[in-house]
Amino acid sequence: MIKKLFKFIFKCILWLIVLSVAMVVLFKWVPVPITPLMVIRGVEEYQKGNKMTWEHDWVSIDDISKNLQLAVICSEDQNFLKHNGFDIKAIEKAIENNKKGKRIKGASTISQQTAKNVFLWPNRSWLRKGLETYFTFLIELTWSKERIMEVYLNSIEMGKGIYGAEAAARYWHNKSAAKLSAMEAASIAAILPNPLKYRAQPASNYIAGRKSWIVRQMGYFGRLDYNQTNEKK
């Protein structure tokens with residue numbers, strides 16, 4: 001009986017690995033149509049008696065302004081082009097800050113956020129963190145940095161019921177994602193820590209300050225070139 005149970009568990013794990021790898025390979029080429037967070041938010045709205053709707057328009061990375069790509073890197077993960085999915089220095093710094101009793105800070109990279117948004121659920125737990133690490137490893141192994149950025153900018157929450165760069169650009173600035181200026185891109189990047197709480201415009205004093213900081217960081221960062229990385233084909 002125990003032998004059969006272990007055999008069943010082994011088969012389940014094997015199939016989960018096969019399925020997860022297949023999904024990662026598929027999404028290397030195919031647009032991600034929906035994410036778990038979209039479904040969760042939709043159900044939450046339904047439970048409140050509201051209509052289950054969300055805005056999500058997938059566009060190619062070529063149709064997303066370089067300003068927005070650079071803005072989210074400067075805001076969320078300045079070592080995105082250098083690391084292999086995990087920013088070890090940022091993790092060590094976060095651990096030290098937490099040990100000192102300072103406000104708990106994470107060290108989640110854009111790759112980790114992409115893995116979580118596309119394949120997992122938002123609630124924190126050791127199980128989800130472990131799976132996030134696993135999927136981050138898979139996408140860094142399989143996708144290019146440019147593809148990770150493309151999926152990230154097409155999948156993340158950028159306002160209530162707003163997902164992805166195109167929907168966010170039209171909602172916050174009434175234009176396509178391809179035409180966002182540096183300031184407009186920075187205003188969207190500035191709300192990403194909590195897009196349900198903050199607004200890109202009209203911006204609060206806090207968001208206006210973050211926006212100005214992001215624009216300065218964009219100037220320091222310089223030109224965005226994915227080819228400077230060991231890009232995987």
# chains A, B, ... in the order shown; residues from 1 in each chain; ligands from 1
call {"tool": "residues_around", "arguments": {"residues": "Gln113 (chain A)", "least_positions_apart": "4", "cutoff": "9 Å", "atoms": "only C-alpha atoms", "output": "list in words"}}
result
Ser108, Thr109, Asn117, Val118, Glu132, Thr136, Tyr152 and Ile156 of chain A
call {"tool": "residues_around", "arguments": {"residues": "Pro195 (chain A)", "least_positions_apart": "6", "cutoff": "10 Å", "atoms": "only C-alpha atoms", "output": "MDAnalysis selection string"}}
result
chainID A and resid 156:162 188:189
call {"tool": "write_last_selection", "arguments": {"atoms": "N, CA and C atoms", "output": "PDB file, in the first residue's frame"}}
result
ATOM      1  N   ILE A 156       1.515  42.262 -15.808  1.00  0.00           N
ATOM      2  CA  ILE A 156       1.409  42.801 -14.451  1.00  0.00           C
ATOM      3  C   ILE A 156       0.206  43.723 -14.282  1.00  0.00           C
ATOM      4  N   GLU A 157      -0.232  43.810 -13.034  1.00  0.00           N
ATOM      5  CA  GLU A 157      -1.353  44.664 -12.653  1.00  0.00           C
ATOM      6  C   GLU A 157      -0.868  46.107 -12.607  1.00  0.00           C
ATOM      7  N   MET A 158      -1.582  47.006 -13.301  1.00  0.00           N
ATOM      8  CA  MET A 158      -1.176  48.416 -13.372  1.00  0.00           C
ATOM      9  C   MET A 158      -2.319  49.353 -13.016  1.00  0.00           C
ATOM     10  N   GLY A 159      -3.243  48.856 -12.227  1.00  0.00           N
ATOM     11  CA  GLY A 159      -4.415  49.621 -11.827  1.00  0.00           C
ATOM     12  C   GLY A 159      -5.559  48.657 -11.586  1.00  0.00           C
ATOM     13  N   LYS A 160      -6.660  49.150 -11.064  1.00  0.00           N
ATOM     14  CA  LYS A 160      -7.801  48.281 -10.790  1.00  0.00           C
ATOM     15  C   LYS A 160      -8.401  47.767 -12.098  1.00  0.00           C
ATOM     16  N   GLY A 161      -8.250  46.459 -12.327  1.00  0.00           N
ATOM     17  CA  GLY A 161      -8.762  45.857 -13.551  1.00  0.00           C
ATOM     18  C   GLY A 161      -7.922  46.165 -14.774  1.00  0.00           C
ATOM     19  N   ILE A 162      -6.726  46.711 -14.567  1.00  0.00           N
ATOM     20  CA  ILE A 162      -5.848  47.094 -15.673  1.00  0.00           C
ATOM     21  C   ILE A 162      -4.619  46.204 -15.655  1.00  0.00           C
ATOM     22  N   ILE A 188       3.655  55.385 -14.512  1.00  0.00           N
ATOM     23  CA  ILE A 188       3.102  54.030 -14.413  1.00  0.00           C
ATOM     24  C   ILE A 188       4.002  53.150 -13.564  1.00  0.00           C
ATOM     25  N   ALA A 189       5.310  53.231 -13.794  1.00  0.00           N
ATOM     26  CA  ALA A 189       6.254  52.435 -13.002  1.00  0.00           C
ATOM     27  C   ALA A 189       6.174  52.794 -11.519  1.00  0.00           C
TER      28      ALA A 189
END
call {"tool": "closest_residue", "arguments": {"among": "A:Asp87, A:Glu184, A:Glu146, A:Glu96", "to": "Asp62 (chain A)", "atoms": "only C-alpha atoms"}}
result
A:Glu146
call {"tool": "closest_residue", "arguments": {"among": "A:Val25, A:Ala71, A:Leu138, A:Ile88", "to": "Ser212 (chain A)", "atoms": "only C-alpha atoms"}}
result
A:Ala71
call {"tool": "residues_around", "arguments": {"residues": "Lys28 (chain A)", "least_positions_apart": "2", "cutoff": "9 Å", "atoms": "only C-alpha atoms", "output": "list in words"}}
result
Met23, Val24, Val25, Leu26, Val30, Pro31, Ile139, Thr142, Trp143, Ser144, Arg147, Ile148 and Val151 of chain A
